[in-house]
Amino acid sequence: MPYVSTNPTTGEVLATFEEHSDAELDALLSRAASTFTTYRQTSFEQRATWMRTAAELYEGELPNIAEVLTKEMGKTFAAAKGEVAKCAMTMRYYAEHAEQLLGYQEVSSPASSSGIRYEPLGAILAVMPWNFPLWQAIRFAAPALMAGNVGLLKHASNVPQSALILEDVFRRAGFPEGAFTNLFLASKNVAKVIADDRIAAVTLTGSEAAGRSVASAAGTALKKCVLELGGSDPFIVAESADLDKAVPMAVTGRVQNNGQSCIAAKRFIVVASRYDEFLEAFATQMDALVVGDPLDPATNVGPLVSAAQREEIAGQVQDAIDKGATVHAGGAAVEGPGFFYRPTVLSGVTPQMRAGVEELFGPVAVVIKVADLDEAITVANSTPWGLGSSVWAEDATEQQRAIAGLEAGMVFVNAIVASVPELPFGGIKLSGYGRELSALGIREFCNAKTVYVA
Ligand code: NAP
């Protein structure tokens with residue numbers, strides 16, 4: 001299947017690209033492996049200079065690059081501009097901090113001197129999704145390149161223009177040829193590349209199915225693997241929640257990126273004493289959102305990325321309605337061209353419904369009534385995923401109970417889940433393993449070499 005860029009607002013095909021031939025792929029892998037041997041010797045200072053230049057390029061060309069994102073996958077122009085700015089900010093963070101995060105760590109032991117050196121592993125393959133076409137890749141590339149690794153990107157087949165921007169910016173910033181390479185590679189050929197001796201490790205952000213496939217290939221090849229997969233993040237409203245703060249953020253948390261975010265709040269779990277008040281305000285605000293052209297500044301929610309993605313979410317909602325769920329807002333696609341779906345609020349969702357057990361990758365919220373915070377935590381933990389979680393409580397005791405009780409890679413209190421360069425990002429259970437960002441993220445693709453001098 002070729003790489004096809006389609007505007008989800010109109011359905012128009014913008015560009016297509018062929019996959020690399022076997023010979024081209026072979027040459028790109030060889031170039032990456034060869035570049036690694038010299039690139040790993042470059043100083044942190046040199047890499048930081050290139051990384052800061054890349055950040056400047058993103059900032060200098062921000063509106064043009066953001067427009068490509070909006071046209072290629074439908075996120076609002078404001079969100080696209082925010083994504084480009086966040087990439088630049090994270091590149092600067094690692095330019096600034098990589099040397100310190102990977103500095104020699106002395107450890108006291110029976111040796112006369114001992115410690116840990118962090119060394120790059122080699123060529124790292126990154127398999128990335130379309131929903132944050134720049135950010136997902138930069139989240140991997142900024143730390144990996146600053147650590148002295150080289151990166152190879154297999155991007156999702158519907159965001160080829162974003163993939164080319166990523167490669168082009170690193171090249172123009174001065175990074176050597178082969179330090180960051182875009183591969184137009186079919187997903188069925190990813191396992192073959194993972195097995196290749198020139199690849200040291202792999203990271204994937206995407207679905208559970210892709211995660212299983214990549215993890216199997218990495219397991220067979222005995223290579224390091226990091227997985228950032230899906231989730232059904234809970235948004236808990238506790239007795240002491242401030243609803244004036246919680247409700248608007250519930251809306252933002254659900255419809256950010258047109259509802260297509262792994263860390264979007266998907267299940268709104270509300271204690272009985274606050275349930276009616278929350279549901280009414282939440283449904284009203286979801287219903288008031290403007291759905292339309294993502295380039296129009298008045299738009300809150302753009303289209304879903306593809307016709308298939310809209311069919312999926314429409315099917316999940318219809319199944320819930322057919323089995324007795326109540327619709328408080330939305331509940332249907334928007335007529336006309338483009339892959340639009342109305343922000344939707346459901347209650348009365350049960351485990352017999354698809355919406356009760358599947359990830360909802362669109363602007364659809366499920367609101368669940370529980371007796372108290374203990375039940376909220378139990379319900380929150382009752383999924384096979386464990387990515388992010390958000391709890392709304394003013395009371396410190398309630399906050400601490402939720403922080404300790406939630407089974408998730410991340411707990412945010414009185415805030416929606418977000419990725420921040422200083423803090424680790426990742427999940428547990430079927431949401432994957434390993435961490436991105438922070439010191440943990442940059443060390444994932446390093447050899448933590450023990451040094452012992454007797
Ligand atoms: P996807 O279908 O898994 O695609 C993600 C990437 O994996 C794409 O590059 C895709 O390439 C590739 N791929 C698909 N199947 C593969 C296979 N069998 N072997 C190797 N590579 C394969 O995911 P998606 O539907 O685009 O993205 C949505 C999912 O990603 C959701 O579950 C979401 O929660 C998750 N996600 C997680 C995070 C996180 O940080 N935890 C962040 C964003 C998204 P092709 O496009 O060529 O198929």
# chains A, B, ... in the order shown; residues from 1 in each chain; ligands from 1
$ residues_near_ligand --ligand "ligand 1" --cutoff "6 Å" --atoms "only C-alpha atoms and all ligand atoms" --output "compact mmCIF listing (two decimals) with N, CA, C and O atoms, in the first residue's frame"
# COMPACT_ATOMS: atom_id res chain seq x y z
N VAL A 127 8.31 3.32 15.04
CA VAL A 127 7.07 3.12 14.28
C VAL A 127 6.02 4.01 14.93
O VAL A 127 5.71 3.86 16.12
N MET A 128 5.51 4.97 14.18
CA MET A 128 4.73 6.04 14.80
C MET A 128 3.33 6.19 14.21
O MET A 128 3.10 5.86 13.04
N PRO A 129 2.39 6.74 15.00
CA PRO A 129 1.00 6.89 14.54
C PRO A 129 0.74 8.28 13.95
O PRO A 129 1.57 9.18 14.08
N TRP A 130 -0.43 8.45 13.40
CA TRP A 130 -0.78 9.67 12.68
C TRP A 130 -1.36 10.75 13.58
O TRP A 130 -1.53 11.88 13.16
N LYS A 154 9.46 4.92 10.74
CA LYS A 154 8.43 4.35 9.88
C LYS A 154 7.14 5.01 10.34
O LYS A 154 6.58 4.64 11.38
N HIS A 155 6.70 6.02 9.60
CA HIS A 155 5.52 6.76 10.05
C HIS A 155 4.25 6.06 9.53
O HIS A 155 4.31 5.20 8.64
N ALA A 156 3.10 6.46 10.09
CA ALA A 156 1.81 5.91 9.63
C ALA A 156 1.62 6.27 8.15
O ALA A 156 2.03 7.34 7.71
N SER A 157 0.98 5.38 7.42
CA SER A 157 0.93 5.52 5.96
C SER A 157 0.02 6.66 5.51
O SER A 157 0.00 6.98 4.33
N ALA A 186 6.07 -0.46 4.40
CA ALA A 186 4.76 -1.06 4.73
C ALA A 186 4.84 -1.71 6.11
O ALA A 186 5.88 -2.25 6.48
N SER A 187 3.72 -1.65 6.85
CA SER A 187 3.78 -2.23 8.20
C SER A 187 4.09 -3.72 8.16
O SER A 187 4.72 -4.24 9.08
N LYS A 188 3.72 -4.41 7.07
CA LYS A 188 4.02 -5.85 7.00
C LYS A 188 5.53 -6.10 6.89
O LYS A 188 5.99 -7.22 7.13
N VAL A 190 7.80 -4.29 8.66
CA VAL A 190 8.47 -3.76 9.84
C VAL A 190 9.28 -4.86 10.55
O VAL A 190 10.42 -4.64 10.98
N THR A 205 4.58 3.55 18.86
CA THR A 205 3.40 4.17 19.44
C THR A 205 2.25 3.83 18.52
O THR A 205 2.31 4.11 17.31
N GLY A 206 1.21 3.21 19.07
CA GLY A 206 0.10 2.83 18.21
C GLY A 206 -0.84 1.87 18.90
O GLY A 206 -0.98 1.89 20.14
N SER A 207 -1.48 1.04 18.12
CA SER A 207 -2.54 0.17 18.63
C SER A 207 -1.97 -1.08 19.30
O SER A 207 -0.80 -1.44 19.11
N ALA A 210 -0.68 -3.63 16.64
CA ALA A 210 0.66 -3.30 16.14
C ALA A 210 1.70 -3.55 17.24
O ALA A 210 2.81 -4.03 16.96
N SER A 213 2.57 -7.18 17.43
CA SER A 213 3.36 -7.58 16.27
C SER A 213 4.82 -7.11 16.42
O SER A 213 5.76 -7.89 16.22
N VAL A 214 4.99 -5.85 16.80
CA VAL A 214 6.35 -5.31 16.94
C VAL A 214 7.07 -5.96 18.13
O VAL A 214 8.25 -6.30 18.04
N GLU A 228 4.21 2.29 23.37
CA GLU A 228 3.22 3.26 23.87
C GLU A 228 1.92 2.95 23.16
O GLU A 228 1.77 3.27 21.98
N LEU A 229 0.97 2.31 23.85
CA LEU A 229 -0.23 1.82 23.17
C LEU A 229 -1.47 2.60 23.62
O LEU A 229 -1.37 3.70 24.11
N GLY A 230 -2.61 2.00 23.44
CA GLY A 230 -3.86 2.71 23.67
C GLY A 230 -4.25 2.79 25.14
O GLY A 230 -3.52 2.36 26.03
N GLY A 231 -5.42 3.35 25.35
CA GLY A 231 -5.91 3.48 26.70
C GLY A 231 -7.37 3.86 26.73
O GLY A 231 -7.97 4.19 25.70
N SER A 261 -6.83 10.97 20.85
CA SER A 261 -5.60 11.01 21.63
C SER A 261 -5.58 9.82 22.56
O SER A 261 -6.59 9.47 23.17
N CYS A 262 -4.40 9.20 22.68
CA CYS A 262 -4.30 8.04 23.57
C CYS A 262 -4.61 8.44 25.00
O CYS A 262 -5.17 7.67 25.76
$ residues_around --residues "Thr42 in chain A" --least-positions-apart "2" --cutoff "12 Å" --atoms "only C-alpha atoms" --output "NGL selection string"
:A and (35-40 or 44-50 or 120 or 145-150 or 175-176 or 179)
$ write_last_selection --atoms "N, CA, C and O atoms" --output "PDB file, in the first residue's frame"
ATOM      1  N   THR A  35      26.495   6.034   9.579  1.00  0.00           N
ATOM      2  CA  THR A  35      26.475   7.351  10.246  1.00  0.00           C
ATOM      3  C   THR A  35      26.640   7.189  11.759  1.00  0.00           C
ATOM      4  O   THR A  35      27.310   7.994  12.406  1.00  0.00           O
ATOM      5  N   PHE A  36      26.053   6.136  12.308  1.00  0.00           N
ATOM      6  CA  PHE A  36      26.134   5.951  13.764  1.00  0.00           C
ATOM      7  C   PHE A  36      27.582   5.888  14.252  1.00  0.00           C
ATOM      8  O   PHE A  36      27.904   6.438  15.308  1.00  0.00           O
ATOM      9  N   THR A  37      28.431   5.236  13.465  1.00  0.00           N
ATOM     10  CA  THR A  37      29.816   5.050  13.940  1.00  0.00           C
ATOM     11  C   THR A  37      30.525   6.391  14.164  1.00  0.00           C
ATOM     12  O   THR A  37      31.357   6.512  15.058  1.00  0.00           O
ATOM     13  N   THR A  38      30.181   7.402  13.364  1.00  0.00           N
ATOM     14  CA  THR A  38      30.806   8.719  13.571  1.00  0.00           C
ATOM     15  C   THR A  38      29.926   9.629  14.425  1.00  0.00           C
ATOM     16  O   THR A  38      30.418  10.388  15.257  1.00  0.00           O
ATOM     17  N   TYR A  39      28.607   9.517  14.217  1.00  0.00           N
ATOM     18  CA  TYR A  39      27.693  10.404  14.956  1.00  0.00           C
ATOM     19  C   TYR A  39      27.819  10.198  16.471  1.00  0.00           C
ATOM     20  O   TYR A  39      27.774  11.151  17.244  1.00  0.00           O
ATOM     21  N   ARG A  40      28.013   8.961  16.887  1.00  0.00           N
ATOM     22  CA  ARG A  40      28.101   8.682  18.329  1.00  0.00           C
ATOM     23  C   ARG A  40      29.303   9.379  18.965  1.00  0.00           C
ATOM     24  O   ARG A  40      29.349   9.554  20.187  1.00  0.00           O
ATOM     25  N   PHE A  44      28.076  16.394  22.979  1.00  0.00           N
ATOM     26  CA  PHE A  44      26.739  16.869  23.349  1.00  0.00           C
ATOM     27  C   PHE A  44      26.538  18.291  22.838  1.00  0.00           C
ATOM     28  O   PHE A  44      25.465  18.666  22.396  1.00  0.00           O
ATOM     29  N   GLU A  45      27.618  19.073  22.911  1.00  0.00           N
ATOM     30  CA  GLU A  45      27.516  20.470  22.498  1.00  0.00           C
ATOM     31  C   GLU A  45      27.158  20.565  21.010  1.00  0.00           C
ATOM     32  O   GLU A  45      26.278  21.344  20.622  1.00  0.00           O
ATOM     33  N   GLN A  46      27.822  19.747  20.193  1.00  0.00           N
ATOM     34  CA  GLN A  46      27.547  19.766  18.759  1.00  0.00           C
ATOM     35  C   GLN A  46      26.098  19.323  18.475  1.00  0.00           C
ATOM     36  O   GLN A  46      25.374  19.956  17.714  1.00  0.00           O
ATOM     37  N   ARG A  47      25.689  18.229  19.121  1.00  0.00           N
ATOM     38  CA  ARG A  47      24.318  17.735  18.891  1.00  0.00           C
ATOM     39  C   ARG A  47      23.298  18.773  19.355  1.00  0.00           C
ATOM     40  O   ARG A  47      22.273  18.979  18.706  1.00  0.00           O
ATOM     41  N   ALA A  48      23.616  19.424  20.479  1.00  0.00           N
ATOM     42  CA  ALA A  48      22.682  20.442  21.007  1.00  0.00           C
ATOM     43  C   ALA A  48      22.571  21.609  20.044  1.00  0.00           C
ATOM     44  O   ALA A  48      21.479  22.180  19.872  1.00  0.00           O
ATOM     45  N   THR A  49      23.660  21.967  19.394  1.00  0.00           N
ATOM     46  CA  THR A  49      23.612  23.067  18.419  1.00  0.00           C
ATOM     47  C   THR A  49      22.678  22.699  17.269  1.00  0.00           C
ATOM     48  O   THR A  49      21.824  23.492  16.861  1.00  0.00           O
ATOM     49  N   TRP A  50      22.833  21.493  16.757  1.00  0.00           N
ATOM     50  CA  TRP A  50      21.945  21.049  15.660  1.00  0.00           C
ATOM     51  C   TRP A  50      20.492  20.998  16.141  1.00  0.00           C
ATOM     52  O   TRP A  50      19.574  21.402  15.436  1.00  0.00           O
ATOM     53  N   PRO A 120      25.133   5.357  23.692  1.00  0.00           N
ATOM     54  CA  PRO A 120      24.065   5.099  22.710  1.00  0.00           C
ATOM     55  C   PRO A 120      24.087   3.647  22.234  1.00  0.00           C
ATOM     56  O   PRO A 120      25.118   2.981  22.286  1.00  0.00           O
ATOM     57  N   LEU A 145      18.431  11.199  19.512  1.00  0.00           N
ATOM     58  CA  LEU A 145      19.550  11.835  18.801  1.00  0.00           C
ATOM     59  C   LEU A 145      20.498  12.511  19.781  1.00  0.00           C
ATOM     60  O   LEU A 145      21.713  12.484  19.595  1.00  0.00           O
ATOM     61  N   MET A 146      19.952  13.134  20.822  1.00  0.00           N
ATOM     62  CA  MET A 146      20.844  13.783  21.796  1.00  0.00           C
ATOM     63  C   MET A 146      21.701  12.749  22.525  1.00  0.00           C
ATOM     64  O   MET A 146      22.809  13.041  22.955  1.00  0.00           O
ATOM     65  N   ALA A 147      21.202  11.515  22.652  1.00  0.00           N
ATOM     66  CA  ALA A 147      21.981  10.464  23.320  1.00  0.00           C
ATOM     67  C   ALA A 147      23.072   9.900  22.410  1.00  0.00           C
ATOM     68  O   ALA A 147      23.913   9.122  22.865  1.00  0.00           O
ATOM     69  N   GLY A 148      23.031  10.258  21.114  1.00  0.00           N
ATOM     70  CA  GLY A 148      24.054   9.745  20.195  1.00  0.00           C
ATOM     71  C   GLY A 148      23.589   8.582  19.352  1.00  0.00           C
ATOM     72  O   GLY A 148      24.379   7.980  18.615  1.00  0.00           O
ATOM     73  N   ASN A 149      22.299   8.237  19.460  1.00  0.00           N
ATOM     74  CA  ASN A 149      21.733   7.232  18.564  1.00  0.00           C
ATOM     75  C   ASN A 149      21.371   7.883  17.237  1.00  0.00           C
ATOM     76  O   ASN A 149      21.237   9.106  17.149  1.00  0.00           O
ATOM     77  N   VAL A 150      21.150   7.060  16.203  1.00  0.00           N
ATOM     78  CA  VAL A 150      20.536   7.579  14.988  1.00  0.00           C
ATOM     79  C   VAL A 150      19.122   7.003  14.905  1.00  0.00           C
ATOM     80  O   VAL A 150      18.841   5.934  15.446  1.00  0.00           O
ATOM     81  N   PHE A 175      22.183  18.137  11.077  1.00  0.00           N
ATOM     82  CA  PHE A 175      22.479  16.748  11.455  1.00  0.00           C
ATOM     83  C   PHE A 175      23.031  16.013  10.224  1.00  0.00           C
ATOM     84  O   PHE A 175      22.561  16.244   9.098  1.00  0.00           O
ATOM     85  N   PRO A 176      24.008  15.115  10.404  1.00  0.00           N
ATOM     86  CA  PRO A 176      24.575  14.412   9.256  1.00  0.00           C
ATOM     87  C   PRO A 176      23.533  13.556   8.532  1.00  0.00           C
ATOM     88  O   PRO A 176      22.579  13.074   9.170  1.00  0.00           O
ATOM     89  N   ALA A 179      21.466  10.517  10.111  1.00  0.00           N
ATOM     90  CA  ALA A 179      21.190  10.638  11.552  1.00  0.00           C
ATOM     91  C   ALA A 179      19.693  10.466  11.824  1.00  0.00           C
ATOM     92  O   ALA A 179      19.292   9.926  12.852  1.00  0.00           O
TER      93      ALA A 179
END
$ residues_around --residues "Gly386 in chain A" --least-positions-apart "2" --cutoff "6 Å" --atoms "only C-alpha atoms" --output "number ranges by chain"
A: 407-408, 427-429, 431
$ write_last_selection --atoms "N, CA, C and O atoms" --output "short mmCIF file (atom, residue, chain, number, x, y, z; two decimals), in the first residue's frame"
data_model
loop_
_atom_site.label_atom_id
_atom_site.label_comp_id
_atom_site.auth_asym_id
_atom_site.auth_seq_id
_atom_site.Cartn_x
_atom_site.Cartn_y
_atom_site.Cartn_z
N GLU A 407 -4.45 2.41 39.00
CA GLU A 407 -3.47 1.57 38.29
C GLU A 407 -3.25 2.18 36.93
O GLU A 407 -3.99 1.93 35.98
N ALA A 408 -2.24 3.04 36.83
CA ALA A 408 -1.97 3.75 35.58
C ALA A 408 -0.53 4.22 35.58
O ALA A 408 0.09 4.36 36.65
N GLY A 427 2.72 3.83 29.98
CA GLY A 427 1.63 3.12 30.65
C GLY A 427 2.03 1.77 31.18
O GLY A 427 3.20 1.34 31.08
N ILE A 428 1.03 1.10 31.77
CA ILE A 428 1.19 -0.27 32.24
C ILE A 428 0.09 -1.11 31.59
O ILE A 428 -0.72 -0.61 30.82
N LYS A 429 0.05 -2.38 31.91
CA LYS A 429 -0.92 -3.33 31.36
C LYS A 429 -0.92 -3.24 29.82
O LYS A 429 0.15 -3.09 29.22
N SER A 431 -1.45 -0.93 27.94
CA SER A 431 -1.03 0.38 27.40
C SER A 431 0.46 0.39 27.07
O SER A 431 0.95 1.40 26.57
#
$ select_by_dssp --residues "range 315-360 of chain A" --states "alpha helix (DSSP H)" --output "list in words"
Gly315, Gln316, Val317, Gln318, Asp319, Ala320, Ile321, Asp322, Arg354, Ala355, Gly356 and Val357 of chain A
$ closest_residue --among "A:Lys224, A:Val364, A:Ile124, A:Asp372" --to "Ser273 in chain A" --atoms "only C-alpha atoms"
A:Asp372
$ closest_residue --among "A:Ile416, A:Val411, A:Ala308, A:Ala314" --to "Thr252 in chain A" --atoms "only C-alpha atoms"
A:Ile416
$ residues_around --residues "Lys266 in chain A" --least-positions-apart "4" --cutoff "8 Å" --atoms "only C-alpha atoms" --output "PyMOL selection string"
chain A and resi 232-235+254+359-360+364-366
$ write_last_selection --atoms "C-alpha atoms" --output "PDB file, in the first residue's frame"
ATOM      1  CA  SER A 232      -9.314   4.265  28.109  1.00  0.00           C
ATOM      2  CA  ASP A 233      -8.264   6.906  30.584  1.00  0.00           C
ATOM      3  CA  PRO A 234     -10.569   7.589  33.529  1.00  0.00           C
ATOM      4  CA  PHE A 235     -11.564  11.113  34.560  1.00  0.00           C
ATOM      5  CA  ARG A 254     -12.333  14.413  25.610  1.00  0.00           C
ATOM      6  CA  GLU A 359     -11.166   2.354  23.320  1.00  0.00           C
ATOM      7  CA  LEU A 360     -13.264   5.271  21.971  1.00  0.00           C
ATOM      8  CA  VAL A 364     -17.415  10.294  22.451  1.00  0.00           C
ATOM      9  CA  ALA A 365     -17.636  10.302  26.248  1.00  0.00           C
ATOM     10  CA  VAL A 366     -19.100   7.689  28.558  1.00  0.00           C
TER      11      VAL A 366
END
$ closest_residue --among "A:Val413, A:Leu423, A:Val453, A:Ala32" --to "Arg198 in chain A" --atoms "only C-alpha atoms"
A:Ala32
$ closest_residue --among "A:Gln309, A:Gln161, A:Asn300, A:Ser347" --to "Thr326 in chain A" --atoms "only C-alpha atoms"
A:Ser347
$ residues_around --residues "range 432-434 of chain A" --least-positions-apart "6" --cutoff "8 Å" --atoms "only C-alpha atoms" --output "list of chain:residue names"
A:Gly211, A:Cys225, A:Val226, A:Leu227, A:Glu228, A:Leu229, A:Gly230, A:Gly426, A:Gly441, A:Glu444
$ closest_residue --among "A:Leu134, A:Val451, A:Leu25, A:Leu373" --to "Gln400 in chain A" --atoms "only C-alpha atoms"
A:Leu373
$ residues_around --residues "range 5-14 of chain A" --least-positions-apart "5" --cutoff "10 Å" --atoms "only C-alpha atoms" --output "list in words"
Val68, Leu69, Thr70, Lys71, Glu72, Met73, Gly74, Lys75, Ser157, Asn158, Val159, Pro160, Gln161, Ser162, Gly292, Asp293, Pro294, Leu295, Gly302, Pro303, Leu304, Val305, Ser306, Ala307, Gly336, Pro337, Gly338, Phe339 and Phe340 of chain A
$ write_last_selection --atoms "N, CA, C and O atoms" --output "compact mmCIF listing (two decimals), in the first residue's frame"
# COMPACT_ATOMS: atom_id res chain seq x y z
N VAL A 68 0.13 22.06 7.23
CA VAL A 68 0.26 20.71 6.66
C VAL A 68 -0.40 19.69 7.60
O VAL A 68 -1.15 18.82 7.15
N LEU A 69 -0.14 19.82 8.89
CA LEU A 69 -0.75 18.88 9.85
C LEU A 69 -2.28 18.95 9.77
O LEU A 69 -2.96 17.92 9.74
N THR A 70 -2.80 20.17 9.77
CA THR A 70 -4.26 20.34 9.75
C THR A 70 -4.85 19.73 8.48
O THR A 70 -5.87 19.04 8.52
N LYS A 71 -4.19 19.96 7.36
CA LYS A 71 -4.73 19.43 6.10
C LYS A 71 -4.53 17.93 5.99
O LYS A 71 -5.30 17.24 5.33
N GLU A 72 -3.47 17.42 6.62
CA GLU A 72 -3.18 15.99 6.46
C GLU A 72 -3.96 15.11 7.41
O GLU A 72 -4.28 13.97 7.07
N MET A 73 -4.25 15.61 8.62
CA MET A 73 -4.99 14.72 9.53
C MET A 73 -6.16 15.38 10.27
O MET A 73 -6.84 14.73 11.04
N GLY A 74 -6.43 16.66 10.02
CA GLY A 74 -7.69 17.25 10.48
C GLY A 74 -7.69 17.92 11.82
O GLY A 74 -8.73 18.43 12.25
N LYS A 75 -6.53 17.96 12.54
CA LYS A 75 -6.57 18.65 13.84
C LYS A 75 -6.76 20.15 13.60
O LYS A 75 -6.39 20.66 12.54
N SER A 157 0.98 5.38 7.42
CA SER A 157 0.93 5.52 5.96
C SER A 157 0.02 6.66 5.51
O SER A 157 0.00 6.98 4.33
N ASN A 158 -0.71 7.30 6.45
CA ASN A 158 -1.57 8.43 6.05
C ASN A 158 -0.96 9.80 6.39
O ASN A 158 -1.63 10.81 6.20
N VAL A 159 0.28 9.84 6.89
CA VAL A 159 0.88 11.15 7.18
C VAL A 159 2.28 11.29 6.54
O VAL A 159 3.23 11.72 7.20
N PRO A 160 2.38 10.98 5.24
CA PRO A 160 3.71 11.04 4.62
C PRO A 160 4.29 12.44 4.55
O PRO A 160 5.51 12.60 4.62
N GLN A 161 3.42 13.46 4.42
CA GLN A 161 3.98 14.82 4.34
C GLN A 161 4.62 15.21 5.68
O GLN A 161 5.67 15.84 5.71
N SER A 162 4.00 14.81 6.77
CA SER A 162 4.59 15.07 8.09
C SER A 162 5.92 14.34 8.24
O SER A 162 6.89 14.87 8.79
N GLY A 292 -16.40 21.65 12.61
CA GLY A 292 -16.29 22.18 11.25
C GLY A 292 -14.87 22.20 10.75
O GLY A 292 -14.01 21.46 11.25
N ASP A 293 -14.65 23.08 9.76
CA ASP A 293 -13.35 23.19 9.09
C ASP A 293 -12.25 23.49 10.12
O ASP A 293 -12.30 24.52 10.79
N PRO A 294 -11.27 22.62 10.24
CA PRO A 294 -10.25 22.82 11.28
C PRO A 294 -9.35 24.03 11.04
O PRO A 294 -8.67 24.48 11.95
N LEU A 295 -9.40 24.58 9.82
CA LEU A 295 -8.61 25.81 9.56
C LEU A 295 -9.36 27.06 10.03
O LEU A 295 -8.78 28.14 10.15
N GLY A 302 -12.56 19.29 14.71
CA GLY A 302 -12.44 19.02 13.27
C GLY A 302 -12.92 17.61 12.95
O GLY A 302 -13.55 16.94 13.77
N PRO A 303 -12.59 17.13 11.76
CA PRO A 303 -13.04 15.80 11.36
C PRO A 303 -12.21 14.70 12.00
O PRO A 303 -11.11 14.95 12.49
N LEU A 304 -12.72 13.48 11.95
CA LEU A 304 -11.90 12.31 12.28
C LEU A 304 -10.95 12.08 11.11
O LEU A 304 -11.15 12.60 10.01
N VAL A 305 -9.92 11.31 11.37
CA VAL A 305 -8.83 11.24 10.39
C VAL A 305 -9.23 10.57 9.07
O VAL A 305 -8.67 10.89 8.02
N SER A 306 -10.21 9.68 9.12
CA SER A 306 -10.55 8.92 7.90
C SER A 306 -12.00 8.46 7.99
O SER A 306 -12.61 8.45 9.07
N ALA A 307 -12.51 8.04 6.84
CA ALA A 307 -13.88 7.49 6.82
C ALA A 307 -13.95 6.26 7.72
O ALA A 307 -14.93 6.04 8.44
N GLY A 336 -22.76 15.49 5.02
CA GLY A 336 -21.95 16.29 4.11
C GLY A 336 -20.57 15.72 3.93
O GLY A 336 -20.25 14.66 4.48
N PRO A 337 -19.71 16.44 3.18
CA PRO A 337 -18.36 15.92 2.93
C PRO A 337 -17.51 15.99 4.20
O PRO A 337 -17.81 16.73 5.14
N GLY A 338 -16.43 15.22 4.20
CA GLY A 338 -15.54 15.21 5.37
C GLY A 338 -16.01 14.19 6.39
O GLY A 338 -17.16 13.74 6.37
N PHE A 339 -15.10 13.85 7.30
CA PHE A 339 -15.34 12.72 8.21
C PHE A 339 -15.70 13.22 9.61
O PHE A 339 -15.06 12.87 10.60
N PHE A 340 -16.75 14.05 9.68
CA PHE A 340 -17.11 14.71 10.95
C PHE A 340 -18.06 13.85 11.79
O PHE A 340 -18.94 13.17 11.24
$ atom_distance --atom1 "CA of Lys369 in chain A" --atom2 "CA of Leu430 in chain A"
24.9 Å
$ atom_distance --atom1 "CA of Asn189 in chain A" --atom2 "CA of Val4 in chain A"
17.5 Å
$ residues_around --residues "Pro424 in chain A" --least-positions-apart "2" --cutoff "10 Å" --atoms "only C-alpha atoms" --output "list in words"
Gly409, Met410, Ser419, Val420, Pro421, Glu422, Gly426, Gly427, Gly434, Arg435, Glu436, Leu437, Ser438, Ala439, Leu440, Gly441 and Ile442 of chain A
$ write_last_selection --atoms "N, CA and C atoms" --output "compact mmCIF listing (two decimals), in the first residue's frame"
# COMPACT_ATOMS: atom_id res chain seq x y z
N GLY A 409 -0.01 4.47 34.39
CA GLY A 409 1.35 5.00 34.31
C GLY A 409 1.44 6.43 34.78
N MET A 410 0.32 7.14 34.73
CA MET A 410 0.34 8.57 35.08
C MET A 410 -0.95 8.95 35.81
N SER A 419 1.57 15.34 28.21
CA SER A 419 2.97 14.95 28.18
C SER A 419 3.84 16.19 28.39
N VAL A 420 4.79 16.04 29.27
CA VAL A 420 5.64 17.16 29.70
C VAL A 420 7.08 16.65 29.62
N PRO A 421 8.01 17.38 28.98
CA PRO A 421 9.35 16.81 28.78
C PRO A 421 10.06 16.41 30.06
N GLU A 422 9.78 17.10 31.16
CA GLU A 422 10.50 16.82 32.42
C GLU A 422 10.04 15.52 33.08
N GLY A 426 4.16 7.18 29.86
CA GLY A 426 4.00 5.78 29.45
C GLY A 426 2.96 5.11 30.29
N GLY A 427 2.72 3.83 29.98
CA GLY A 427 1.63 3.12 30.65
C GLY A 427 2.03 1.77 31.18
N GLY A 434 7.86 0.60 29.12
CA GLY A 434 8.92 1.56 28.84
C GLY A 434 8.38 2.96 29.03
N ARG A 435 9.26 3.93 28.99
CA ARG A 435 8.86 5.32 29.19
C ARG A 435 9.51 6.22 28.16
N GLU A 436 8.78 7.27 27.80
CA GLU A 436 9.34 8.32 26.97
C GLU A 436 9.51 9.57 27.84
N LEU A 437 10.24 10.53 27.31
CA LEU A 437 10.48 11.82 27.97
C LEU A 437 11.25 11.65 29.30
N SER A 438 11.67 12.79 29.87
CA SER A 438 12.41 12.82 31.16
C SER A 438 13.75 12.07 31.05
N ALA A 439 14.36 11.83 32.20
CA ALA A 439 15.61 11.05 32.24
C ALA A 439 15.35 9.61 31.83
N LEU A 440 14.18 9.07 32.23
CA LEU A 440 13.89 7.66 31.90
C LEU A 440 13.81 7.47 30.39
N GLY A 441 13.18 8.42 29.70
CA GLY A 441 13.00 8.31 28.25
C GLY A 441 14.32 8.33 27.51
N ILE A 442 15.22 9.22 27.89
CA ILE A 442 16.48 9.30 27.15
C ILE A 442 17.38 8.10 27.46
$ atom_distance --atom1 "CA of Gln399 in chain A" --atom2 "CA of Val237 in chain A"
10.8 Å
$ closest_residue --among "A:Ile377, A:Ala250, A:Ala402, A:Ile269" --to "Val417 in chain A" --atoms "only C-alpha atoms"
A:Ala250
$ select_by_dssp --residues "range 247-320 of chain A" --states "strand (DSSP E or B)" --output "VMD selection string"
chain A and resid 265 to 271 291 301
